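Working notes for the structure below.
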Amino acid sequence: MKRLHIRCLPVNILLSMTAVLLVLAGLMWSYLPPAGIRILLIVTGIAVFLFVSLWNWQQRRRQSDFANDICETVDAFMDGREPLNNRIYEETQTSKVQGKLMQFYDCMQEDRRQSEQDKQVIQELVSDISHQVKTPIANIQMFTSILQQHHLSDEKRAEFLTTMSVQIHKLDFLMQSLIKMSRLETGTFSLHMESNSLYDTIAQAVNGIWAKAGQKKIQITVDCDSRTAVKHDAKWTAEALGNILDNAVKYTPEGGTVSVSVRPWQFYTRIDISDTGPGIEEKHYNDVFQRFYRGQEAASMEGVGLGLYLARSIIVRQKGYISVKSKIGKGTTFSVFLLDY
Amino acid sequence: MDIVTIHNLKKYFGKGACTVKAIDGINLSIEKGKFTAIIGASGSGKTTLMNIIGGLYEPTEGTVIVDGVNLSELTEEELTVFRRRKVGFIFQDYNLVPELTIKENILFPLKLDDSRPDKVFFEEITRVLGLQDKLARYPYMLSGGGQQRTAIARALITKPAIILADEPTGSFDAKTSQNVAGLLKMAAEAYHQTLIMITHNLELAQLADRVVRIQDGRIRR
């Protein structure tokens, strides 16, 4: 509004000054120079007055047209229809603002679509979870009732309790994953981006899978300079790397190797996690990061299909990304790119 | 939702016996907000396709609808405005103006549109692209990667709906290519933009949500 006033003011002053001059000229008619010049002065005065008024009027009309056009555009968006005066690619002010408004509207629409989609995902999630929870619960219920109703030998009793504890472990694992996921989704967790030693973070991640790898006689090698420092959240990144490592160990057959190597790049630091597992088909590269996705050959393995999904969410939140490269029968390499700036 | 819809597109250069069929019947839809990689050998029609989407070439036949507007229905002036406001171009050879500083180069498209830059946004993209302490320099003082990052910033500054990148990492080694493509992908995601990138590098194409293969002016299934 301020800019508008500044622009209008000189026009008004100019108009008043011309008017005052004309009145003065009228009052002091007899003092003015010869008739020819008098008339010329008066005519010029009137002409200037008329011209400026016309210009002023036109300017105001243009402004009001502009405002009306914009209002029409906004109205159209509110009604959810196309603007009547759609002139997006014209070299005019209206078109420029209209374009911006449209962009804004698109962004809003996109957000709305996204939140609709999220809603759907959550619904699917709830049904997925119910499905995942159903079997262990049913098992536990069944064994509990058997234990309550029948007199069993200590041996049988111990066997049933072991089965129950496996199911409880499954539920607990699912619960833990869900808690992490919900923290990521709702954004209630905050990233503490600090320049930390990547070596320590990787060590933390490797710690979590050491025992499992030992059981399967899988060799783990880490090639990382202990001085490499990258800006990242140590706790969550260790979680993400841990999930990828866990996956690698899970699918690598006995006696295989899982290797971690770190290479600093210009903007990103690349962490490669390679295994000698069965490999992933190219068409499933994207699927493995989806929630609850489990490969066909993974059906016999334990897990719920959240690990890589969580890993990717964590890395993306830190403005990094993950890519996969795999050779069937040879192994898979997950590359984590952490942005450092 | 599709931001680009191409129907039965043909583009021939030359006449009579020396007609070159650069694009020979392409049907393609590109989803909004996604990263599409177009790959194919040189001379397969990738660049022609991209230039048609960006309103630089007129098709010989077929329709191209970008963000709801049929490009063939636009006048030459409207096309100019369309390119300026809707599309961000990134070329292999950067196309920076050597006489302008990095900052002036980045802000150049806004100057054409007589717009004032969004200061906060400018600072953000120069920070993300690692250009904040190079703004006063001239293009020749920067490495190839630095110049390409300037070109990316210039393409982003107008917040275009579509970014068209023609072999943006063509002259770089594998490492710098991944760097530049990664930054481009990140920026496009952060600002809800549709990214269409031509590349012959299969590893880079893997970053994309979708890969379109072009051969002899047609899409290879």
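Every chain in the structure tokens takes a letter, A first, then B, and so on in the order presented; its residues are numbered from 1, and the ligands are numbered from 1 following the presented order.
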For chain A, which residues have at least one atom within 9 Å of chain B, if we go by only C-alpha atoms? Write them as a VMD selection string, please.
chain A and resid 88 to 91 96 99 103 107 110 265 to 268 286 319 to 325 337 341
Can you list, as a PyMOL selection string, every residue of range 107-316 of chain A that DSSP puts in helix (DSSP H, G or I)?
chain A and resi 107-149+154-186+198-215+234-251+282-284+287-289+296-298+307-316
Output for the residues just chosen: C-alpha atoms as a tab-separated table (two decimals), in the first residue's frame:
```tsv
chain	number	residue	atom	x	y	z
A	107	CYS	CA	1.73	-26.19	-3.85
A	108	MET	CA	-1.31	-26.18	-1.58
A	109	GLN	CA	-3.06	-28.75	-3.77
A	110	GLU	CA	0.07	-30.87	-3.72
A	111	ASP	CA	0.20	-30.70	0.07
A	112	ARG	CA	-3.46	-31.63	0.25
A	113	ARG	CA	-2.93	-34.55	-2.11
A	114	GLN	CA	0.06	-35.61	-0.07
A	115	SER	CA	-1.89	-35.55	3.15
A	116	GLU	CA	-4.72	-37.53	1.53
A	117	GLN	CA	-2.18	-40.06	0.41
A	118	ASP	CA	-0.64	-40.15	3.88
A	119	LYS	CA	-4.06	-40.82	5.31
A	120	GLN	CA	-4.46	-43.76	3.00
A	121	VAL	CA	-0.99	-45.03	3.85
A	122	ILE	CA	-1.81	-44.84	7.54
A	123	GLN	CA	-5.00	-46.81	6.97
A	124	GLU	CA	-3.04	-49.47	5.13
A	125	LEU	CA	-0.46	-49.35	7.86
A	126	VAL	CA	-3.03	-49.99	10.54
A	127	SER	CA	-4.36	-52.97	8.64
A	128	ASP	CA	-0.81	-54.23	8.03
A	129	ILE	CA	0.03	-53.93	11.70
A	130	SER	CA	-3.14	-55.66	12.77
A	131	HIS	CA	-2.22	-58.45	10.44
A	132	GLN	CA	1.32	-58.65	11.79
A	133	VAL	CA	0.12	-58.64	15.39
A	134	LYS	CA	-2.67	-61.14	14.91
A	135	THR	CA	-0.60	-64.29	14.53
A	136	PRO	CA	1.71	-63.89	17.56
A	137	ILE	CA	-1.22	-62.86	19.75
A	138	ALA	CA	-3.28	-65.85	18.64
A	139	ASN	CA	-0.30	-68.11	19.34
A	140	ILE	CA	0.27	-66.66	22.78
A	141	GLN	CA	-3.42	-66.95	23.60
A	142	MET	CA	-3.52	-70.54	22.51
A	143	PHE	CA	-0.44	-71.57	24.47
A	144	THR	CA	-1.56	-69.65	27.54
A	145	SER	CA	-4.88	-71.46	27.58
A	146	ILE	CA	-3.17	-74.81	27.10
A	147	LEU	CA	-0.82	-74.06	29.96
A	148	GLN	CA	-3.72	-72.97	32.15
A	149	GLN	CA	-6.08	-75.82	31.40
A	154	ASP	CA	7.87	-79.85	32.75
A	155	GLU	CA	9.45	-80.60	29.41
A	156	LYS	CA	6.33	-79.73	27.40
A	157	ARG	CA	5.75	-76.71	29.59
A	158	ALA	CA	9.25	-75.40	28.86
A	159	GLU	CA	8.78	-76.01	25.16
A	160	PHE	CA	5.54	-74.04	25.07
A	161	LEU	CA	7.05	-71.22	27.08
A	162	THR	CA	9.93	-71.02	24.63
A	163	THR	CA	7.49	-70.82	21.70
A	164	MET	CA	5.60	-68.08	23.53
A	165	SER	CA	8.71	-66.12	24.24
A	166	VAL	CA	9.64	-66.21	20.53
A	167	GLN	CA	6.22	-64.77	19.72
A	168	ILE	CA	6.59	-62.12	22.41
A	169	HIS	CA	9.99	-61.26	21.00
A	170	LYS	CA	8.39	-60.82	17.58
A	171	LEU	CA	5.77	-58.49	19.03
A	172	ASP	CA	8.41	-56.54	20.89
A	173	PHE	CA	10.47	-56.18	17.72
A	174	LEU	CA	7.45	-54.95	15.80
A	175	MET	CA	6.62	-52.53	18.61
A	176	GLN	CA	10.14	-51.11	18.68
A	177	SER	CA	10.11	-50.61	14.92
A	178	LEU	CA	6.73	-48.92	15.12
A	179	ILE	CA	7.89	-46.55	17.82
A	180	LYS	CA	10.89	-45.52	15.74
A	181	MET	CA	8.74	-45.16	12.67
A	182	SER	CA	6.13	-43.10	14.42
A	183	ARG	CA	8.81	-40.80	15.76
A	184	LEU	CA	10.13	-40.33	12.25
A	185	GLU	CA	6.69	-39.80	10.76
A	186	THR	CA	5.33	-37.39	13.29
A	198	LEU	CA	31.87	-41.39	11.06
A	199	TYR	CA	34.10	-44.17	12.33
A	200	ASP	CA	32.40	-44.06	15.75
A	201	THR	CA	28.95	-44.09	14.19
A	202	ILE	CA	29.82	-47.09	12.02
A	203	ALA	CA	31.37	-48.85	15.03
A	204	GLN	CA	28.13	-48.31	16.92
A	205	ALA	CA	26.12	-49.76	14.03
A	206	VAL	CA	28.44	-52.74	13.61
A	207	ASN	CA	28.23	-53.48	17.34
A	208	GLY	CA	24.55	-54.26	17.00
A	209	ILE	CA	25.09	-57.03	14.44
A	210	TRP	CA	28.36	-58.48	15.71
A	211	ALA	CA	26.74	-61.36	17.59
A	212	LYS	CA	24.42	-62.30	14.71
A	213	ALA	CA	27.27	-62.24	12.23
A	214	GLY	CA	29.37	-64.38	14.57
A	215	GLN	CA	26.67	-67.03	14.73
A	234	ALA	CA	25.20	-39.98	15.23
A	235	LYS	CA	22.39	-41.84	16.96
A	236	TRP	CA	19.93	-42.00	14.10
A	237	THR	CA	22.56	-42.57	11.44
A	238	ALA	CA	23.88	-45.51	13.45
A	239	GLU	CA	20.31	-46.78	13.53
A	240	ALA	CA	20.01	-46.45	9.74
A	241	LEU	CA	23.37	-48.09	9.05
A	242	GLY	CA	22.55	-50.75	11.63
A	243	ASN	CA	19.34	-51.59	9.78
A	244	ILE	CA	21.18	-51.94	6.48
A	245	LEU	CA	23.88	-54.04	8.12
A	246	ASP	CA	21.28	-56.17	9.89
A	247	ASN	CA	19.66	-56.78	6.54
A	248	ALA	CA	23.00	-57.64	4.95
A	249	VAL	CA	23.81	-60.16	7.67
A	250	LYS	CA	20.33	-61.63	7.51
A	251	TYR	CA	20.50	-62.42	3.80
A	282	GLU	CA	16.75	-54.50	-10.57
A	283	LYS	CA	12.97	-54.08	-10.72
A	284	HIS	CA	12.81	-54.40	-6.93
A	287	ASP	CA	10.51	-51.75	-3.52
A	288	VAL	CA	13.00	-52.75	-0.86
A	289	PHE	CA	12.63	-49.30	0.70
A	296	GLN	CA	9.70	-63.47	-1.93
A	297	GLU	CA	12.80	-65.26	-0.80
A	298	ALA	CA	12.61	-63.29	2.47
A	307	GLY	CA	14.39	-51.74	8.45
A	308	LEU	CA	15.31	-50.31	5.06
A	309	TYR	CA	12.28	-48.06	5.06
A	310	LEU	CA	13.43	-46.57	8.35
A	311	ALA	CA	17.01	-46.34	7.11
A	312	ARG	CA	15.98	-44.39	4.06
A	313	SER	CA	13.70	-42.04	6.03
A	314	ILE	CA	16.53	-41.26	8.42
A	315	ILE	CA	19.05	-40.58	5.67
A	316	VAL	CA	16.63	-38.50	3.61
```
Using only C-alpha atoms, which of A:Gln98, A:Gln219, A:Thr269, A:Asn196 sits nearest Gly255 in chain A?
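Of all the options, A:Gln219 lies closest to Gly255 in chain A.
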So that I can see what lies close to Lys111 in chain B, please list as a list of chain:residue names the residues with an atom at most 12 Å from it, counting only C-alpha atoms and leaving out residues fewer than 6 positions away in the same chain.
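Near neighbours after the sequence-gap exclusion: B:Arg84, B:Arg85, B:Lys103, B:Glu104, B:Asn105, B:Pro117, B:Arg154, B:Ile157, B:Thr158.
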Just list as a ChimeraX atom specification whatever in range 56-224 of chain A DSSP marks as strand (DSSP E or B).
/A:194-197,219-223
Using only C-alpha atoms, which protein or nucleic acid residues come within 12 Å of Asp133 in chain B? Drop anything in the same chain fewer than 6 positions from it, and give the result as a ChimeraX atom specification.
/B:102-103,123,126-127,142,146
Next, the residues of the selection above should be written as a short mmCIF file (atom, residue, chain, number, x, y, z; two decimals), in the first residue's frame with C-alpha atoms.
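Written output follows (again-v9.cif):
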```
data_model
loop_
_atom_site.label_atom_id
_atom_site.label_comp_id
_atom_site.auth_asym_id
_atom_site.auth_seq_id
_atom_site.Cartn_x
_atom_site.Cartn_y
_atom_site.Cartn_z
CA ILE B 102 28.17 -15.80 -10.03
CA LYS B 103 25.50 -13.89 -8.11
CA GLU B 123 20.59 -17.61 0.45
CA THR B 126 23.47 -20.86 -2.60
CA ARG B 127 24.16 -22.46 0.77
CA LEU B 142 35.27 -21.71 -10.81
CA GLY B 146 31.25 -25.02 -9.53
#
```
Test item: residues at most 8 Å from Arg213 in chain B, only C-alpha atoms, excluding those fewer than 3 positions along its chain, as a list of chain:residue names:
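In the requested format, the answer is B:Ile38, B:Ile39, B:Gly40, B:Ile219, B:Arg220, B:Arg221.
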